[in-house]
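Q: Here it is, the structure, as structure tokens.
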2 protein chains.
Amino acid sequence: MTSKAGSSCLDRDALIASGLRQDLAVIRQAALEAVDPYAAVLDHLSRDGSQVAIGGQHWDLDQSSVVLLAVGKAAVPMAAAAAHVLRDRLAEGVVVTKYGHAAQADLPASVGVIEAGHPIPDQAGLQAARTCIERLHSLTSGDRLLVLLSGGASALLPAPVPGLSLDDLQATTDLLLRAGATIVELNAVRKHLSELKGGQLARLAHPAPVASLILSDVVGDTLDVIASGPTAPDPTTFGEALSVLRRYTVLDRVPQGVVVHLQAGLAGEVAETPKPETVLFGNVTNVVVGSNYLAAEAAVTEAERLGYHRLLLTTFVEGEAREVAKVAVALAKGVRAHGNPIPAPACLVWGGETTVTVRGRGRGGRNQELALAAALGLAGMEGVALMALATDGTDGPTDAAGAIVDGTTVNRVRKQGWDPRATLRDNNSYPLLDAAGDLLRLGPTGTNVNDLLVLLIA
Amino acid sequence: MTSKAGSSCLDRDALIASGLRQDLAVIRQAALEAVDPYAAVLDHLSRDGSQVAIGGQHWDLDQSSVVLLAVGKAAVPMAAAAAHVLRDRLAEGVVVTKYGHAAQADLPASVGVIEAGHPIPDQAGLQAARTCIERLHSLTSGDRLLVLLSGGASALLPAPVPGLSLDDLQATTDLLLRAGATIVELNAVRKHLSELKGGQLARLAHPAPVASLILSDVVGDTLDVIASGPTAPDPTTFGEALSVLRRYTVLDRVPQGVVVHLQAGLAGEVAETPKPETVLFGNVTNVVVGSNYLAAEAAVTEAERLGYHRLLLTTFVEGEAREVAKVAVALAKGVRAHGNPIPAPACLVWGGETTVTVRGRGRGGRNQELALAAALGLAGMEGVALMALATDGTDGPTDAAGAIVDGTTVNRVRKQGWDPRATLRDNNSYPLLDAAGDLLRLGPTGTNVNDLLVLLIA
């Protein structure tokens, strides 16, 4: 009561800022817990005696038992949860995960663990795929196949068709990307050069019923895109794959085996990928058990519990991080000036995955770059904090998951001699945010559902 | 009932698309009417005998009469509305507007009309400013000054301090912009090199009470930024203006007279711009009568009347048009997939002003470029239409106000041989959208409150 009005006001602002940061930590925790791979599997898999409920499917395990195939960066915790539920009804299993991700795997002896290359597929992955394909072939209608998919599965289990090497696939992908092909076009080609992608894993398992529990790392959670859709129907054809190569005029530059195989497919000499109407999929269940949407929903729910008005904007955000950041700033200003889109105290959340066009030589990641760009736009605003978060804990090639910035970030680093605009131009967000004390260092979170942006306006 | 399912479905989609376009036309009409300059002045100015109500101020014109100064691209219709209300109580007036904007001016003989240069100030504007300054000087407490401001006013009424030329001001502005100064920093300098900007027009009019009715063309409607705030307090100082020149190391490159004047101001030899606490402003009223926010509000209100769920997101959108477009696409996908941020049928509106970094050699404008980028993201989506609109009717150096695109735009132009991605890279949105039949050609709308984006999801 005796402090000067000026300093008391500063204290109040500092208190609000620190309160917002604490709230962001609580909201982050709730969001990550909602997409914990172990918990996500437990939420969608239950057993009562010989009866197992899995997504919408029910399995009677009185006469049969479960074969497990878990692939992806979260394969170990997902497999552990399945083993915990299925116990003795789990006959055998294979877990394929990224190097370093199998440590402390608490799995029954019947489940083998293979580490393989990611994001560049390697021989270990190739060997794992061969093993899986043989085992899938031998399944009978008495078996039940439980597939657990998470981010990275496509690279970890590469299965080029006979006559093609990993290098052939990589060369084809590179040519198409450089020519400007979209991810949808690219996938149409890749699925037709693989023995597992595009629903073919489910077909190999036939006549065994298949259930896939999926932790989605794809914006939009499209089943035939996540992990290249090994258990989902493929709407694309050999003809379309060839059209893509023609459209981008790479037909005479891709490895010759690629064209030979696609033309054989077009001529009916190789089986098409299974289509949506195939009877096969009557026996297949795909369930997204963890996604950016679930994390975003958990974030706004927690924010509401903390007393904020809530709005989940969208989970489909893409675009250049520094430009997309300006829309986040615009939203904060709208709340402040007009109570749009919702009145303060407000929590706005969006999800997705932005990109960074690297023009400088600095260090950072898409979330850090977004945060720095937002900090420039928020400079001087009071009672606003923004968190940009890579849910896997790794934003770009750094040890940070992202950052929390507010209206003071830019001034704080300017006092240390930083030029925030020049730093952004150099794509050098990491050291600046580190100097500001605004980096989020969480370590690996064990999950991966792309990125979240949480904006709090007091 | 006898048509095939396929074609009936196509008809239905076409019907929905055409319905959305019709609704966008109705919404656009409502938004533009809400910021019509003539109507906006009528809404905030009324007379009952000798009593005039103007914003929050009341003038008794029993012993006094009104002097009018209208400056900007919408000066003529705004002045006409004021003359219509004030009638014989309007003693005299000056209207300064852009070349070609004074045609069909229906104004009393006591109001002189001057046309001047915009966006580059010229001698005609300089002369108009000298005339205004002399008349403002002669005002007494018996006079009432009504100022009507709209976009372009700053360039149309240039008043460099003695010793500086228009070229000196232009050179200073160019140097700062190239060095990366922000608009706030630039304005701090410009206000201290002018006799009218930064509240100085209001000071010249003192002791006459002043009321300003303002049609805002500035994102955020900040009073001291619109038209460089001739009747608004200026928070910046001579010292800050010099700091800006130092910060961007242009102190020894700007015209010498600029530095001389700023240093004289710092030494107290020239009066500071009037500050917010100045008693002067007790006699001054500033009212924003038309703004992007009012247009956006009218848009969502009309959409609601048409049966859509409504959400005004923000009116502060800035950023690179093609990237910001991706956020609009993300919002459309969110409505479709999850009913976020609001369920369908949905109308999402935002306002602001995007930018285009020109890298190609094509023709277009920021709204057309945003629309083309959005069309790429919306390709194949049904029941979605997006309007990107420059409210003044002129988007970039084209005769279009923007465009309406939907999920069919990209396919329609591909069939004509266009490559939409390559066209976007070449900043060539205008001819592509023209070929698509998706351009909006409205002619000059008579108003200018930046840009609106309206997204309808059926």
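Starting from 1 in every chain, residues are counted up; chains themselves are A, B, ... following the order of the structure tokens, and ligands are numbered from 1 as listed.
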May I have the residues within 10 Å of Asp88 (chain B) as a PyMOL selection string, using only C-alpha atoms and disregarding those fewer than 3 positions away in the same chain?
A: chain B and resi 65-66+83-85+91-92+108
Q: If you take only C-alpha atoms and a cut-off of 9 Å, which residues of chain B touch chain A, and what are their nearest atom pairs and distances in Å to one decimal, in chain and number order, as a Markdown table?
A:
```
| residue | atom | partner | partner_atom | distance |
| --- | --- | --- | --- | --- |
| B:Gly180 | CA | A:Arg421 | CA | 8.8 |
| B:Gly220 | CA | A:Ala337 | CA | 8.2 |
| B:Tyr293 | CA | A:His338 | CA | 8.6 |
| B:Leu311 | CA | A:Pro341 | CA | 6.6 |
| B:Leu312 | CA | A:Pro341 | CA | 5.7 |
| B:Leu313 | CA | A:Pro341 | CA | 4.5 |
| B:Thr314 | CA | A:Gly334 | CA | 4.7 |
| B:Thr315 | CA | A:Gly334 | CA | 6.3 |
| B:Phe316 | CA | A:Ala330 | CA | 4.6 |
| B:Val317 | CA | A:Ala330 | CA | 5.1 |
| B:Glu318 | CA | A:Lys326 | CA | 6.1 |
| B:Gly319 | CA | A:Glu323 | CA | 5.4 |
| B:Glu320 | CA | A:Glu323 | CA | 6.1 |
| B:Ala321 | CA | A:Glu323 | CA | 8.8 |
| B:Arg322 | CA | A:Gly319 | CA | 8.6 |
| B:Glu323 | CA | A:Gly319 | CA | 5.4 |
| B:Val324 | CA | A:Val324 | CA | 6.1 |
| B:Ala325 | CA | A:Gly319 | CA | 8.6 |
| B:Lys326 | CA | A:Gly319 | CA | 5.9 |
| B:Val327 | CA | A:Val317 | CA | 5.7 |
| B:Ala328 | CA | A:Val317 | CA | 8.8 |
| B:Val329 | CA | A:Phe316 | CA | 8.1 |
| B:Ala330 | CA | A:Phe316 | CA | 4.6 |
| B:Leu331 | CA | A:Thr314 | CA | 5.5 |
| B:Ala332 | CA | A:Thr314 | CA | 8.4 |
| B:Lys333 | CA | A:Phe316 | CA | 6.6 |
| B:Gly334 | CA | A:Thr314 | CA | 4.7 |
| B:Val335 | CA | A:Thr314 | CA | 7.6 |
| B:Ala337 | CA | A:Gly220 | CA | 8.2 |
| B:His338 | CA | A:Thr314 | CA | 8.3 |
| B:Gly339 | CA | A:Thr314 | CA | 8.9 |
| B:Asn340 | CA | A:Leu313 | CA | 5.7 |
| B:Pro341 | CA | A:Leu313 | CA | 4.5 |
| B:Ile342 | CA | A:Leu313 | CA | 8.3 |
| B:Gly352 | CA | A:Ala330 | CA | 8.7 |
| B:Arg421 | CA | A:Gly180 | CA | 8.7 |
```
Q: Go through region 233-331 of chain A and flag each residue having an atom no more than 9 Å from region 39-44 of chain A; for those, report the closest pair of atoms plus their distance in Å to one decimal, using only C-alpha atoms, ordered by chain and rising number, as a Markdown table.
A:
```
| residue | atom | partner | partner_atom | distance |
| --- | --- | --- | --- | --- |
| A:Val287 | CA | A:His44 | CA | 8.3 |
| A:Val289 | CA | A:Ala40 | CA | 5.5 |
| A:Gly290 | CA | A:Ala40 | CA | 6.1 |
```
Q: Could you give me, as a list in words, each residue of region 151-224 of chain B that DSSP assigns to strand (DSSP E) when run on this structure's backbone?
A: Val210, Ala211, Ser212, Leu213, Ile214 and Leu215 of chain B
Q: Convert the current residue selection to file output with N, CA, C and O atoms, as a CSV table (one decimal), in the first residue's frame.
A:
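Dumped everything to part.csv:
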```csv
chain,number,residue,atom,x,y,z
B,210,VAL,N,-12.8,21.3,-31.2
B,210,VAL,CA,-12.5,20.5,-32.4
B,210,VAL,C,-13.2,19.1,-32.3
B,210,VAL,O,-13.1,18.5,-31.2
B,211,ALA,N,-13.9,18.7,-33.3
B,211,ALA,CA,-14.4,17.3,-33.4
B,211,ALA,C,-14.0,16.7,-34.7
B,211,ALA,O,-14.1,17.3,-35.7
B,212,SER,N,-13.4,15.5,-34.5
B,212,SER,CA,-12.9,14.8,-35.7
B,212,SER,C,-13.7,13.5,-35.9
B,212,SER,O,-13.9,12.7,-35.0
B,213,LEU,N,-14.3,13.4,-37.1
B,213,LEU,CA,-15.0,12.1,-37.4
B,213,LEU,C,-14.1,11.4,-38.4
B,213,LEU,O,-13.7,11.9,-39.4
B,214,ILE,N,-13.8,10.1,-38.0
B,214,ILE,CA,-12.7,9.5,-38.7
B,214,ILE,C,-13.1,8.1,-39.3
B,214,ILE,O,-13.7,7.3,-38.7
B,215,LEU,N,-12.8,8.0,-40.6
B,215,LEU,CA,-13.0,6.7,-41.3
B,215,LEU,C,-11.6,6.1,-41.3
B,215,LEU,O,-10.7,6.5,-42.0
```
Q: Expressed in Å to a single decimal, how great is the separation between CA of Gly199 (chain B) and CA of Thr173 (chain B)?
A: 19.9 Å
Q: I'd like to know which residues of region 224-284 of chain B are alpha helix (DSSP H) (by DSSP, run on the backbone); could you write them as a list of chain:residue names?
A: B:Phe238, B:Gly239, B:Glu240, B:Ala241, B:Leu242, B:Ser243, B:Val244, B:Leu245, B:Arg246, B:Arg247, B:Gln256, B:Gly257, B:Val258, B:Val259, B:Val260, B:His261, B:Leu262, B:Gln263, B:Ala264, B:Gly265, B:Leu266
Q: CA of Ala379 (chain A) to CA of Val410 (chain A): how many Å, to one decimal?
A: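 Calculated distance between CA of Ala379 (chain A) and CA of Val410 (chain A) is 6.1 Å.
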Q: Using only C-alpha atoms, which of the listed residues (A:Val71, A:Val76, A:Val95, A:Ala205) sits closest to Ala153 (chain A)?
A: A:Val71
Q: Using only C-alpha atoms, which residues sit within 12 Å of Ile404 (chain B) once same-chain residues fewer than 4 positions away are excluded, as a ChimeraX atom specification?
A: /B:17-18,20-25,28,367-375,384-390,400,408-409,433-434,436-441,452-456
Q: Find the residues around Leu306 (chain B) up to 10 Å (only C-alpha atoms counted), leave out those fewer than 5 positions away in its own chain, and share them as a count of residues only.
A: 6
Q: Calculate how many Å separate CA of Leu280 (chain A) from CA of Ala70 (chain A), rounding to one decimal.
A: 21.0 Å
Q: So which residues touch Val161 (chain B) within 8 Å, counting only C-alpha atoms, skipping near sequence neighbours fewer than 4 positions away, as a PyMOL selection string?
A: chain B and resi 193-195
Q: At a cut-off of 8 Å, using only C-alpha atoms, what residues contact Ser291 (chain A)? Leave out same-chain residues fewer than 2 positions from it and give the result as a PDB file with N, CA, C and O atoms, in the first residue's frame.
A:
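Written file, around13.pdb:
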```pdb
ATOM      1  N   VAL A  35      -2.641 -37.301 -24.526  1.00  0.00           N
ATOM      2  CA  VAL A  35      -2.139 -38.056 -25.677  1.00  0.00           C
ATOM      3  C   VAL A  35      -0.943 -38.920 -25.292  1.00  0.00           C
ATOM      4  O   VAL A  35      -0.133 -39.291 -26.147  1.00  0.00           O
ATOM      5  N   LEU A 215      -1.702 -43.539 -32.996  1.00  0.00           N
ATOM      6  CA  LEU A 215      -1.349 -42.233 -32.443  1.00  0.00           C
ATOM      7  C   LEU A 215      -0.951 -41.373 -33.645  1.00  0.00           C
ATOM      8  O   LEU A 215       0.085 -41.606 -34.263  1.00  0.00           O
ATOM      9  N   SER A 216      -1.768 -40.389 -33.965  1.00  0.00           N
ATOM     10  CA  SER A 216      -1.595 -39.673 -35.229  1.00  0.00           C
ATOM     11  C   SER A 216      -0.591 -38.531 -35.127  1.00  0.00           C
ATOM     12  O   SER A 216      -0.694 -37.677 -34.266  1.00  0.00           O
ATOM     13  N   ASP A 217       0.366 -38.536 -36.033  1.00  0.00           N
ATOM     14  CA  ASP A 217       1.281 -37.394 -36.134  1.00  0.00           C
ATOM     15  C   ASP A 217       1.065 -36.665 -37.448  1.00  0.00           C
ATOM     16  O   ASP A 217       1.942 -35.945 -37.925  1.00  0.00           O
ATOM     17  N   ASP A 221      -5.294 -36.164 -39.315  1.00  0.00           N
ATOM     18  CA  ASP A 221      -5.529 -37.545 -38.882  1.00  0.00           C
ATOM     19  C   ASP A 221      -6.116 -38.422 -39.979  1.00  0.00           C
ATOM     20  O   ASP A 221      -6.929 -39.311 -39.702  1.00  0.00           O
ATOM     21  N   VAL A 288      -8.145 -43.912 -34.133  1.00  0.00           N
ATOM     22  CA  VAL A 288      -7.164 -42.909 -33.729  1.00  0.00           C
ATOM     23  C   VAL A 288      -7.298 -42.718 -32.217  1.00  0.00           C
ATOM     24  O   VAL A 288      -8.314 -42.231 -31.731  1.00  0.00           O
ATOM     25  N   VAL A 289      -6.289 -43.144 -31.467  1.00  0.00           N
ATOM     26  CA  VAL A 289      -6.384 -43.089 -29.999  1.00  0.00           C
ATOM     27  C   VAL A 289      -5.705 -41.848 -29.425  1.00  0.00           C
ATOM     28  O   VAL A 289      -5.926 -41.487 -28.273  1.00  0.00           O
ATOM     29  N   TYR A 293      -5.906 -33.167 -32.117  1.00  0.00           N
ATOM     30  CA  TYR A 293      -7.225 -32.702 -31.703  1.00  0.00           C
ATOM     31  C   TYR A 293      -7.508 -33.054 -30.244  1.00  0.00           C
ATOM     32  O   TYR A 293      -8.007 -32.231 -29.480  1.00  0.00           O
ATOM     33  N   LEU A 294      -7.160 -34.278 -29.854  1.00  0.00           N
ATOM     34  CA  LEU A 294      -7.397 -34.677 -28.466  1.00  0.00           C
ATOM     35  C   LEU A 294      -6.553 -33.833 -27.514  1.00  0.00           C
ATOM     36  O   LEU A 294      -7.009 -33.438 -26.434  1.00  0.00           O
ATOM     37  N   ALA A 295      -5.322 -33.558 -27.896  1.00  0.00           N
ATOM     38  CA  ALA A 295      -4.461 -32.720 -27.061  1.00  0.00           C
ATOM     39  C   ALA A 295      -5.013 -31.297 -26.967  1.00  0.00           C
ATOM     40  O   ALA A 295      -5.049 -30.691 -25.884  1.00  0.00           O
ATOM     41  N   VAL A 449       2.099 -35.665 -31.355  1.00  0.00           N
ATOM     42  CA  VAL A 449       0.876 -35.329 -32.097  1.00  0.00           C
ATOM     43  C   VAL A 449       1.026 -33.926 -32.690  1.00  0.00           C
ATOM     44  O   VAL A 449       0.133 -33.086 -32.568  1.00  0.00           O
TER      45      VAL A 449
END
```
Q: Excluding region 238-249 of chain A and its own-chain neighbours fewer than 6 positions away, which residues fall within 9 Å of it when counting only C-alpha atoms? Please give them as a list in words.
A: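 Counting only the stated atoms, we get Leu175, Leu176, Ala179, Gly180, Ala181, Glu185, Leu186, Asn187, Ala188, Val189, Arg190, Lys191, His192, Val259, Leu262, Gln263, Ala264, Gly265, Leu266, Glu272 and Thr273 of chain A.
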Q: Can those selected residues be exported to a file as an mmCIF file, in the first residue's frame so that it contains C-alpha atoms?
A:
```cif
data_model
loop_
_atom_site.group_PDB
_atom_site.id
_atom_site.type_symbol
_atom_site.label_atom_id
_atom_site.label_comp_id
_atom_site.auth_asym_id
_atom_site.auth_seq_id
_atom_site.Cartn_x
_atom_site.Cartn_y
_atom_site.Cartn_z
ATOM 1 C CA LEU A 175 12.621 -36.105 -57.409
ATOM 2 C CA LEU A 176 8.911 -35.659 -56.728
ATOM 3 C CA ALA A 179 9.365 -31.028 -58.616
ATOM 4 C CA GLY A 180 6.700 -29.699 -56.239
ATOM 5 C CA ALA A 181 4.469 -32.758 -55.801
ATOM 6 C CA GLU A 185 0.544 -37.205 -54.844
ATOM 7 C CA LEU A 186 3.740 -38.480 -53.273
ATOM 8 C CA ASN A 187 1.827 -41.020 -51.212
ATOM 9 C CA ALA A 188 -0.039 -42.329 -54.259
ATOM 10 C CA VAL A 189 3.345 -43.257 -55.727
ATOM 11 C CA ARG A 190 4.936 -44.593 -52.547
ATOM 12 C CA LYS A 191 2.024 -46.834 -51.659
ATOM 13 C CA HIS A 192 2.323 -48.514 -55.053
ATOM 14 C CA VAL A 259 8.326 -47.397 -63.871
ATOM 15 C CA LEU A 262 3.970 -49.304 -61.878
ATOM 16 C CA GLN A 263 3.330 -50.345 -65.482
ATOM 17 C CA ALA A 264 3.074 -53.985 -64.426
ATOM 18 C CA GLY A 265 0.501 -52.868 -61.885
ATOM 19 C CA LEU A 266 -1.407 -50.918 -64.506
ATOM 20 C CA GLU A 272 -3.750 -53.177 -56.714
ATOM 21 C CA THR A 273 -3.676 -51.806 -53.153
#
```
